[in-house]
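For reference, the structure discussed in these notes is given below.
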Amino acid sequence: MKRKDTFKVSGKSYKSRLIVGTGKYKSFIETAKAVKASGADMVTVAVRRVNILDKRKPILTDYLNPKKITYLPNTAGCFNSKEALRTLRLAREMGGWKLVKLEVLGDKKTLYPNMIETIESTKVLVKEGFKVMVYCTDDPLLSKKLEDSGAAAIMPLASPIGSGLGLQNKVNISMIVKQSKVPVIVDAGIGTASDATIAMELGCDGVLINSAIANAKKPILMAKAFKDAVISGRNSYLAGRMEKNLIGKESTPSLGLI
């Protein structure tokens, strides 16, 4: 019997391999429409930037039902371990969230992660019972250290956050995919739907998209494009691509030619 191709993170199954960020949209209404068009059933929420509990202000949970969509609190904007740990502990106290996304940025210019503090923060959070999905560089050795530290998912960047440059190092991403026993989800730098397809064809378990949808001229349509791109890329990976050849190879057999 053929096994169902399921996407699991920390033991929970998700229908969609596309995770969508909730920042940078014009309104919560647009956010909700984009998430619906994307088919995503997990969304990231920047705890320090998005109102999710103060009923006196517009609140995200009024537009995206947390009973139907998994909220993934993240530490966007944190530049040291202390800030990141405090943010996620606060998220757990406010909403009971244990599945979280950790990112500890190194500097405000590149927004590359500080991997030393990222690894140490992962160890602390895992000991405290968090299920940690971790934003990281595309370094296979450091990715392995994160997995050994208990990360629930490895989230290597495609290129710098918000750059839209797409995958800049397919070799490293492939190495991370092959060595990892936890989900590998490409995060940051994806610019358009075809980038997501490439990531999925490399064998990644999923992709996380925010800027490429929110900053598109037509965000709702772009969200639908990413939905289709992720599905197409996954199917292409499962189908197994043909071998590459340095010279031409006839597509029609020569046997029996008149």
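Going by the structure tokens order, chains are called A, B, ..., each with residues numbered from 1, while ligands are numbered from 1 in the order shown.
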Inset, instruction - Per DSSP on the backbone, filter stretch 87-125 of chain A down to the residues in alpha helix (DSSP H) and report them as a list in words. - result: Thr87, Leu88, Arg89, Leu90, Ala91, Arg92, Glu93, Met94, Gly95, Met115, Ile116, Glu117, Thr118, Ile119, Glu120, Ser121, Thr122, Lys123, Val124 and Leu125 of chain A
Dump as a short mmCIF file (atom, residue, chain, number, x, y, z; two decimals), in the first residue's frame, selection limited to all heavy atoms:
```cif
data_model
loop_
_atom_site.label_atom_id
_atom_site.label_comp_id
_atom_site.auth_asym_id
_atom_site.auth_seq_id
_atom_site.Cartn_x
_atom_site.Cartn_y
_atom_site.Cartn_z
N THR A 87 10.90 36.80 24.41
CA THR A 87 9.76 36.91 23.50
C THR A 87 8.97 35.61 23.44
O THR A 87 7.73 35.61 23.49
CB THR A 87 10.24 37.30 22.09
OG1 THR A 87 10.88 38.58 22.15
CG2 THR A 87 9.08 37.37 21.11
N LEU A 88 9.66 34.49 23.32
CA LEU A 88 8.97 33.21 23.20
C LEU A 88 8.38 32.75 24.53
O LEU A 88 7.31 32.12 24.55
CB LEU A 88 9.92 32.15 22.63
CG LEU A 88 10.33 32.41 21.18
CD1 LEU A 88 11.29 31.33 20.69
CD2 LEU A 88 9.11 32.50 20.27
N ARG A 89 9.02 33.07 25.61
CA ARG A 89 8.44 32.77 26.92
C ARG A 89 7.16 33.57 27.12
O ARG A 89 6.17 33.07 27.67
CB ARG A 89 9.45 33.07 28.02
CG ARG A 89 10.59 32.07 28.10
CD ARG A 89 11.74 32.59 28.93
NE ARG A 89 12.84 31.63 29.00
CZ ARG A 89 14.10 31.97 29.31
NH1 ARG A 89 14.41 33.24 29.55
NH2 ARG A 89 15.04 31.03 29.35
N LEU A 90 7.17 34.81 26.67
CA LEU A 90 5.98 35.66 26.75
C LEU A 90 4.86 35.09 25.89
O LEU A 90 3.69 35.07 26.30
CB LEU A 90 6.33 37.08 26.30
CG LEU A 90 5.21 38.12 26.37
CD1 LEU A 90 4.74 38.31 27.80
CD2 LEU A 90 5.68 39.45 25.79
N ALA A 91 5.21 34.59 24.70
CA ALA A 91 4.21 34.00 23.81
C ALA A 91 3.55 32.79 24.46
O ALA A 91 2.34 32.59 24.35
CB ALA A 91 4.86 33.60 22.49
N ARG A 92 4.35 31.99 25.13
CA ARG A 92 3.79 30.81 25.80
C ARG A 92 2.86 31.22 26.95
O ARG A 92 1.80 30.64 27.14
CB ARG A 92 4.90 29.90 26.33
CG ARG A 92 4.36 28.65 27.01
CD ARG A 92 5.41 27.58 27.19
NE ARG A 92 6.52 28.02 28.04
CZ ARG A 92 7.56 27.24 28.36
NH1 ARG A 92 7.63 26.01 27.88
NH2 ARG A 92 8.53 27.70 29.12
N GLU A 93 3.25 32.26 27.68
CA GLU A 93 2.42 32.73 28.78
C GLU A 93 1.10 33.32 28.27
O GLU A 93 0.05 33.11 28.88
CB GLU A 93 3.18 33.79 29.60
CG GLU A 93 4.33 33.23 30.42
CD GLU A 93 5.07 34.31 31.17
OE1 GLU A 93 4.54 35.44 31.26
OE2 GLU A 93 6.18 34.04 31.67
N MET A 94 1.15 34.04 27.16
CA MET A 94 -0.04 34.70 26.64
C MET A 94 -1.00 33.73 25.97
O MET A 94 -2.21 33.78 26.18
CB MET A 94 0.37 35.80 25.62
CG MET A 94 1.06 36.99 26.22
SD MET A 94 1.22 38.35 25.03
CE MET A 94 2.02 37.52 23.64
N GLY A 95 -0.44 32.85 25.13
CA GLY A 95 -1.32 32.01 24.32
C GLY A 95 -1.10 30.52 24.46
O GLY A 95 -1.77 29.73 23.78
N MET A 115 24.51 32.54 14.44
CA MET A 115 24.36 31.11 14.64
C MET A 115 24.85 30.63 16.00
O MET A 115 24.35 29.65 16.54
CB MET A 115 25.06 30.34 13.52
CG MET A 115 24.35 30.47 12.16
SD MET A 115 22.61 29.98 12.24
CE MET A 115 22.75 28.27 12.73
N ILE A 116 25.81 31.32 16.57
CA ILE A 116 26.29 30.94 17.90
C ILE A 116 25.16 31.09 18.92
O ILE A 116 24.84 30.18 19.68
CB ILE A 116 27.52 31.78 18.31
CG1 ILE A 116 28.70 31.49 17.38
CG2 ILE A 116 27.91 31.49 19.77
CD1 ILE A 116 29.89 32.40 17.60
N GLU A 117 24.52 32.27 18.91
CA GLU A 117 23.43 32.51 19.85
C GLU A 117 22.18 31.72 19.47
O GLU A 117 21.39 31.34 20.34
CB GLU A 117 23.12 34.01 19.94
CG GLU A 117 24.27 34.81 20.52
CD GLU A 117 23.82 36.11 21.17
OE1 GLU A 117 22.60 36.28 21.41
OE2 GLU A 117 24.68 36.95 21.44
N THR A 118 22.00 31.45 18.18
CA THR A 118 20.86 30.65 17.74
C THR A 118 20.93 29.24 18.29
O THR A 118 19.94 28.69 18.79
CB THR A 118 20.79 30.60 16.20
OG1 THR A 118 20.55 31.93 15.69
CG2 THR A 118 19.68 29.68 15.72
N ILE A 119 22.09 28.63 18.19
CA ILE A 119 22.27 27.26 18.70
C ILE A 119 22.09 27.21 20.21
O ILE A 119 21.40 26.33 20.74
CB ILE A 119 23.66 26.71 18.30
CG1 ILE A 119 23.72 26.51 16.78
CG2 ILE A 119 23.94 25.39 19.02
CD1 ILE A 119 25.11 26.21 16.24
N GLU A 120 22.68 28.16 20.92
CA GLU A 120 22.55 28.18 22.38
C GLU A 120 21.10 28.42 22.79
O GLU A 120 20.61 27.80 23.75
CB GLU A 120 23.46 29.27 22.97
CG GLU A 120 24.95 28.95 22.85
CD GLU A 120 25.30 27.58 23.42
OE1 GLU A 120 24.88 27.30 24.56
OE2 GLU A 120 25.99 26.80 22.73
N SER A 121 20.40 29.31 22.08
CA SER A 121 18.99 29.59 22.40
C SER A 121 18.13 28.36 22.14
O SER A 121 17.18 28.09 22.90
CB SER A 121 18.49 30.76 21.55
OG SER A 121 19.21 31.94 21.82
N THR A 122 18.44 27.62 21.08
CA THR A 122 17.69 26.40 20.77
C THR A 122 17.80 25.41 21.91
O THR A 122 16.80 24.81 22.34
CB THR A 122 18.22 25.77 19.47
OG1 THR A 122 18.06 26.69 18.39
CG2 THR A 122 17.47 24.48 19.15
N LYS A 123 19.00 25.23 22.43
CA LYS A 123 19.23 24.28 23.53
C LYS A 123 18.40 24.67 24.76
O LYS A 123 17.77 23.82 25.40
CB LYS A 123 20.71 24.24 23.89
CG LYS A 123 21.60 23.62 22.83
CD LYS A 123 23.06 23.68 23.24
CE LYS A 123 23.96 23.08 22.18
NZ LYS A 123 25.41 23.19 22.56
N VAL A 124 18.37 25.97 25.06
CA VAL A 124 17.63 26.45 26.23
C VAL A 124 16.13 26.21 26.05
O VAL A 124 15.45 25.70 26.95
CB VAL A 124 17.90 27.95 26.46
CG1 VAL A 124 16.97 28.51 27.54
CG2 VAL A 124 19.36 28.19 26.86
N LEU A 125 15.61 26.56 24.88
CA LEU A 125 14.18 26.42 24.62
C LEU A 125 13.73 24.97 24.63
O LEU A 125 12.65 24.64 25.14
CB LEU A 125 13.83 27.09 23.28
CG LEU A 125 13.94 28.62 23.26
CD1 LEU A 125 13.88 29.13 21.84
CD2 LEU A 125 12.85 29.25 24.12
#
```
Find the spatial neighbours of A:Leu208, counting only C-alpha atoms, within a cut-off of 9 Å - ignore same-chain residues fewer than 3 positions away - and output them as a PDB file with all heavy atoms, in the first residue's frame.
```
ATOM      1  N   ARG A  17       2.214  22.453   2.520  1.00  0.00           N
ATOM      2  CA  ARG A  17       3.650  22.583   2.777  1.00  0.00           C
ATOM      3  C   ARG A  17       4.101  24.038   2.647  1.00  0.00           C
ATOM      4  O   ARG A  17       5.288  24.336   2.695  1.00  0.00           O
ATOM      5  CB  ARG A  17       4.437  21.697   1.812  1.00  0.00           C
ATOM      6  CG  ARG A  17       4.211  20.201   2.072  1.00  0.00           C
ATOM      7  CD  ARG A  17       4.902  19.325   1.039  1.00  0.00           C
ATOM      8  NE  ARG A  17       4.695  17.914   1.360  1.00  0.00           N
ATOM      9  CZ  ARG A  17       5.464  17.183   2.167  1.00  0.00           C
ATOM     10  NH1 ARG A  17       6.524  17.751   2.723  1.00  0.00           N
ATOM     11  NH2 ARG A  17       5.196  15.921   2.409  1.00  0.00           N
ATOM     12  N   LEU A  18       3.149  24.915   2.488  1.00  0.00           N
ATOM     13  CA  LEU A  18       3.426  26.349   2.395  1.00  0.00           C
ATOM     14  C   LEU A  18       3.054  27.010   3.717  1.00  0.00           C
ATOM     15  O   LEU A  18       1.918  26.897   4.185  1.00  0.00           O
ATOM     16  CB  LEU A  18       2.613  26.964   1.249  1.00  0.00           C
ATOM     17  CG  LEU A  18       2.657  28.489   1.098  1.00  0.00           C
ATOM     18  CD1 LEU A  18       4.078  28.978   0.847  1.00  0.00           C
ATOM     19  CD2 LEU A  18       1.731  28.928  -0.040  1.00  0.00           C
ATOM     20  N   ILE A  19       4.024  27.693   4.320  1.00  0.00           N
ATOM     21  CA  ILE A  19       3.793  28.461   5.543  1.00  0.00           C
ATOM     22  C   ILE A  19       3.838  29.936   5.158  1.00  0.00           C
ATOM     23  O   ILE A  19       4.706  30.356   4.394  1.00  0.00           O
ATOM     24  CB  ILE A  19       4.865  28.154   6.604  1.00  0.00           C
ATOM     25  CG1 ILE A  19       4.885  26.648   6.912  1.00  0.00           C
ATOM     26  CG2 ILE A  19       4.623  28.955   7.876  1.00  0.00           C
ATOM     27  CD1 ILE A  19       6.063  26.220   7.776  1.00  0.00           C
ATOM     28  N   VAL A  20       2.899  30.705   5.660  1.00  0.00           N
ATOM     29  CA  VAL A  20       2.782  32.105   5.248  1.00  0.00           C
ATOM     30  C   VAL A  20       2.982  33.042   6.433  1.00  0.00           C
ATOM     31  O   VAL A  20       2.429  32.818   7.514  1.00  0.00           O
ATOM     32  CB  VAL A  20       1.396  32.356   4.608  1.00  0.00           C
ATOM     33  CG1 VAL A  20       1.223  33.833   4.254  1.00  0.00           C
ATOM     34  CG2 VAL A  20       1.231  31.503   3.353  1.00  0.00           C
ATOM     35  N   GLY A  21       3.757  34.094   6.216  1.00  0.00           N
ATOM     36  CA  GLY A  21       3.934  35.122   7.233  1.00  0.00           C
ATOM     37  C   GLY A  21       2.757  36.080   7.236  1.00  0.00           C
ATOM     38  O   GLY A  21       2.025  36.187   6.242  1.00  0.00           O
ATOM     39  N   VAL A  43       0.690  29.781  10.001  1.00  0.00           N
ATOM     40  CA  VAL A  43       1.138  31.147   9.736  1.00  0.00           C
ATOM     41  C   VAL A  43       2.104  31.589  10.831  1.00  0.00           C
ATOM     42  O   VAL A  43       1.962  31.198  11.992  1.00  0.00           O
ATOM     43  CB  VAL A  43      -0.036  32.149   9.669  1.00  0.00           C
ATOM     44  CG1 VAL A  43      -0.966  31.806   8.518  1.00  0.00           C
ATOM     45  CG2 VAL A  43      -0.804  32.215  10.983  1.00  0.00           C
ATOM     46  N   THR A  44       3.091  32.382  10.443  1.00  0.00           N
ATOM     47  CA  THR A  44       4.020  32.932  11.437  1.00  0.00           C
ATOM     48  C   THR A  44       3.489  34.274  11.934  1.00  0.00           C
ATOM     49  O   THR A  44       2.883  35.044  11.185  1.00  0.00           O
ATOM     50  CB  THR A  44       5.426  33.125  10.866  1.00  0.00           C
ATOM     51  OG1 THR A  44       5.385  34.034   9.764  1.00  0.00           O
ATOM     52  CG2 THR A  44       6.006  31.801  10.408  1.00  0.00           C
ATOM     53  N   MET A 155      15.388  25.623   9.226  1.00  0.00           N
ATOM     54  CA  MET A 155      14.841  26.604   8.284  1.00  0.00           C
ATOM     55  C   MET A 155      15.949  27.462   7.683  1.00  0.00           C
ATOM     56  O   MET A 155      16.131  28.632   8.050  1.00  0.00           O
ATOM     57  CB  MET A 155      13.790  27.464   8.990  1.00  0.00           C
ATOM     58  CG  MET A 155      12.703  26.643   9.670  1.00  0.00           C
ATOM     59  SD  MET A 155      11.414  27.619  10.463  1.00  0.00           S
ATOM     60  CE  MET A 155      10.458  28.135   9.031  1.00  0.00           C
ATOM     61  N   ILE A 185      12.737  23.431   5.905  1.00  0.00           N
ATOM     62  CA  ILE A 185      11.813  24.409   5.345  1.00  0.00           C
ATOM     63  C   ILE A 185      12.598  25.649   4.942  1.00  0.00           C
ATOM     64  O   ILE A 185      13.188  26.318   5.797  1.00  0.00           O
ATOM     65  CB  ILE A 185      10.728  24.777   6.370  1.00  0.00           C
ATOM     66  CG1 ILE A 185       9.953  23.516   6.797  1.00  0.00           C
ATOM     67  CG2 ILE A 185       9.777  25.831   5.810  1.00  0.00           C
ATOM     68  CD1 ILE A 185       9.160  23.677   8.065  1.00  0.00           C
ATOM     69  N   VAL A 186      12.624  25.952   3.667  1.00  0.00           N
ATOM     70  CA  VAL A 186      13.373  27.119   3.201  1.00  0.00           C
ATOM     71  C   VAL A 186      12.668  28.391   3.668  1.00  0.00           C
ATOM     72  O   VAL A 186      11.463  28.559   3.485  1.00  0.00           O
ATOM     73  CB  VAL A 186      13.530  27.121   1.672  1.00  0.00           C
ATOM     74  CG1 VAL A 186      14.012  28.479   1.185  1.00  0.00           C
ATOM     75  CG2 VAL A 186      14.529  26.060   1.248  1.00  0.00           C
ATOM     76  N   ASP A 187      13.425  29.268   4.278  1.00  0.00           N
ATOM     77  CA  ASP A 187      12.872  30.469   4.892  1.00  0.00           C
ATOM     78  C   ASP A 187      13.732  31.674   4.513  1.00  0.00           C
ATOM     79  O   ASP A 187      14.941  31.642   4.660  1.00  0.00           O
ATOM     80  CB  ASP A 187      12.861  30.269   6.412  1.00  0.00           C
ATOM     81  CG  ASP A 187      12.363  31.487   7.163  1.00  0.00           C
ATOM     82  OD1 ASP A 187      11.735  32.351   6.548  1.00  0.00           O
ATOM     83  OD2 ASP A 187      12.598  31.554   8.384  1.00  0.00           O
ATOM     84  N   ALA A 188      13.088  32.722   4.025  1.00  0.00           N
ATOM     85  CA  ALA A 188      13.737  34.001   3.731  1.00  0.00           C
ATOM     86  C   ALA A 188      14.351  34.059   2.331  1.00  0.00           C
ATOM     87  O   ALA A 188      15.047  33.134   1.905  1.00  0.00           O
ATOM     88  CB  ALA A 188      14.806  34.339   4.756  1.00  0.00           C
ATOM     89  N   ILE A 190      12.946  34.163  -0.692  1.00  0.00           N
ATOM     90  CA  ILE A 190      12.177  33.704  -1.851  1.00  0.00           C
ATOM     91  C   ILE A 190      11.512  34.919  -2.502  1.00  0.00           C
ATOM     92  O   ILE A 190      10.919  35.757  -1.814  1.00  0.00           O
ATOM     93  CB  ILE A 190      11.099  32.688  -1.423  1.00  0.00           C
ATOM     94  CG1 ILE A 190      11.743  31.412  -0.874  1.00  0.00           C
ATOM     95  CG2 ILE A 190      10.168  32.365  -2.576  1.00  0.00           C
ATOM     96  CD1 ILE A 190      12.466  30.588  -1.893  1.00  0.00           C
ATOM     97  N   ALA A 196       9.975  28.902  -5.142  1.00  0.00           N
ATOM     98  CA  ALA A 196       9.402  27.902  -4.240  1.00  0.00           C
ATOM     99  C   ALA A 196       9.398  26.530  -4.893  1.00  0.00           C
ATOM    100  O   ALA A 196       9.671  25.514  -4.248  1.00  0.00           O
ATOM    101  CB  ALA A 196       7.986  28.303  -3.842  1.00  0.00           C
TER     102      ALA A 196
END
```
Inset, instruction - Mind listing the strand (DSSP E or B) residues of stretch 9-244 of chain A, per DSSP on the backbone, as JSON, numbers by chain? - result: {"A": [9, 12, 13, 14, 18, 19, 20, 21, 42, 43, 44, 45, 46, 70, 71, 72, 73, 74, 99, 100, 101, 102, 105, 113, 131, 132, 133, 134, 135, 136, 153, 154, 155, 156, 184, 185, 186, 187, 206, 207, 208, 209]}
Legend entry - Contact residues around A:Val104 with only C-alpha atoms at 6 Å, ignoring same-chain residues under 4 positions, as a PyMOL selection string: chain A and resi 78-80+113-114+118
Preceding selection exported with all heavy atoms as a PDB file, in the first residue's frame:
```pdb
ATOM      1  N   CYS A  78      14.531  40.239  16.848  1.00  0.00           N
ATOM      2  CA  CYS A  78      15.387  39.999  18.018  1.00  0.00           C
ATOM      3  C   CYS A  78      16.842  39.865  17.569  1.00  0.00           C
ATOM      4  O   CYS A  78      17.152  39.057  16.689  1.00  0.00           O
ATOM      5  CB  CYS A  78      14.943  38.741  18.754  1.00  0.00           C
ATOM      6  SG  CYS A  78      13.335  38.905  19.567  1.00  0.00           S
ATOM      7  N   PHE A  79      17.719  40.629  18.206  1.00  0.00           N
ATOM      8  CA  PHE A  79      19.129  40.640  17.808  1.00  0.00           C
ATOM      9  C   PHE A  79      20.062  40.031  18.849  1.00  0.00           C
ATOM     10  O   PHE A  79      21.272  40.153  18.738  1.00  0.00           O
ATOM     11  CB  PHE A  79      19.563  42.067  17.471  1.00  0.00           C
ATOM     12  CG  PHE A  79      19.031  42.554  16.155  1.00  0.00           C
ATOM     13  CD1 PHE A  79      17.778  43.133  16.082  1.00  0.00           C
ATOM     14  CD2 PHE A  79      19.751  42.384  14.981  1.00  0.00           C
ATOM     15  CE1 PHE A  79      17.259  43.572  14.869  1.00  0.00           C
ATOM     16  CE2 PHE A  79      19.254  42.817  13.759  1.00  0.00           C
ATOM     17  CZ  PHE A  79      17.997  43.403  13.704  1.00  0.00           C
ATOM     18  N   ASN A  80      19.483  39.381  19.843  1.00  0.00           N
ATOM     19  CA  ASN A  80      20.310  38.634  20.789  1.00  0.00           C
ATOM     20  C   ASN A  80      19.466  37.555  21.445  1.00  0.00           C
ATOM     21  O   ASN A  80      18.234  37.577  21.371  1.00  0.00           O
ATOM     22  CB  ASN A  80      20.965  39.558  21.828  1.00  0.00           C
ATOM     23  CG  ASN A  80      19.954  40.333  22.637  1.00  0.00           C
ATOM     24  OD1 ASN A  80      19.136  39.744  23.356  1.00  0.00           O
ATOM     25  ND2 ASN A  80      19.987  41.658  22.530  1.00  0.00           N
ATOM     26  N   PRO A 113      21.397  35.362  10.476  1.00  0.00           N
ATOM     27  CA  PRO A 113      21.296  34.898  11.854  1.00  0.00           C
ATOM     28  C   PRO A 113      22.654  34.788  12.534  1.00  0.00           C
ATOM     29  O   PRO A 113      23.648  34.450  11.905  1.00  0.00           O
ATOM     30  CB  PRO A 113      20.646  33.514  11.711  1.00  0.00           C
ATOM     31  CG  PRO A 113      20.992  33.063  10.327  1.00  0.00           C
ATOM     32  CD  PRO A 113      21.063  34.311   9.502  1.00  0.00           C
ATOM     33  N   ASN A 114      22.646  35.107  13.822  1.00  0.00           N
ATOM     34  CA  ASN A 114      23.824  34.868  14.661  1.00  0.00           C
ATOM     35  C   ASN A 114      23.746  33.408  15.075  1.00  0.00           C
ATOM     36  O   ASN A 114      22.990  33.045  15.978  1.00  0.00           O
ATOM     37  CB  ASN A 114      23.780  35.788  15.880  1.00  0.00           C
ATOM     38  CG  ASN A 114      24.965  35.585  16.820  1.00  0.00           C
ATOM     39  OD1 ASN A 114      25.492  34.477  16.951  1.00  0.00           O
ATOM     40  ND2 ASN A 114      25.373  36.647  17.482  1.00  0.00           N
ATOM     41  N   THR A 118      21.997  31.446  18.182  1.00  0.00           N
ATOM     42  CA  THR A 118      20.856  30.653  17.739  1.00  0.00           C
ATOM     43  C   THR A 118      20.925  29.236  18.293  1.00  0.00           C
ATOM     44  O   THR A 118      19.938  28.691  18.794  1.00  0.00           O
ATOM     45  CB  THR A 118      20.795  30.604  16.197  1.00  0.00           C
ATOM     46  OG1 THR A 118      20.547  31.926  15.695  1.00  0.00           O
ATOM     47  CG2 THR A 118      19.683  29.679  15.716  1.00  0.00           C
TER      48      THR A 118
END
```
Inset, instruction - Using only C-alpha atoms, find the one residue out of A:Thr197, A:Ser38, A:Ser81, A:Ser143 that sits nearest to A:Lys181. - result: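 Under the stated criterion, the closest residue is A:Ser143.
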Inset, instruction - Provide the atom CA of A:Pro140 to atom CA of A:Lys8 distance in Å, to one decimal place. - result: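 Computing it gives 21.4 Å between the two atoms.
Here the question is which of A:Val35, A:Ala212, A:Val9, A:Leu238 gets nearest to A:Met133 using only C-alpha atoms, and that residue is A:Val9.
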Legend entry - Computed interatomic separation between atom CA of A:Asp41 and atom CA of A:Arg86 (Å):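 Spanning atom CA of A:Asp41 to atom CA of A:Arg86 is a straight-line distance of 26.2 Å.
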Inset, instruction - Tell me which of A:Gly248, A:Gly129, A:Gly39, A:Gly203 sits closest to A:Asn235, counting only C-alpha atoms. - result: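 Ranked by minimum distance to A:Asn235, first place goes to A:Gly203.
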Legend entry - All residues 7 Å or closer to stretch 170-174 of chain A, only C-alpha atoms, same chain fewer than 3 positions away omitted, as a ChimeraX atom specification: /A:138-140,167,177-178,202
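Take atom CA of A:Ile213 and atom CA of A:Thr31: the distance between them is 9.8 Å.
Nearest residue to A:Ala46 among A:Asn210, A:Val132, A:Ala153, A:Lys82 is A:Asn210, counting only C-alpha atoms.
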Inset, instruction - Between A:Pro58, A:Pro73, A:Lys98, A:Gly189, single out the one closest to A:Thr110, counting only C-alpha atoms. - result: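 Of A:Pro58, A:Pro73, A:Lys98, A:Gly189, the one nearest A:Thr110, counting only C-alpha atoms, is A:Gly189.
If only C-alpha atoms are the atoms counted, then among A:Lys4, A:Arg234, A:Lys33, A:Arg241 the closest residue to A:Gly206 is A:Arg234.
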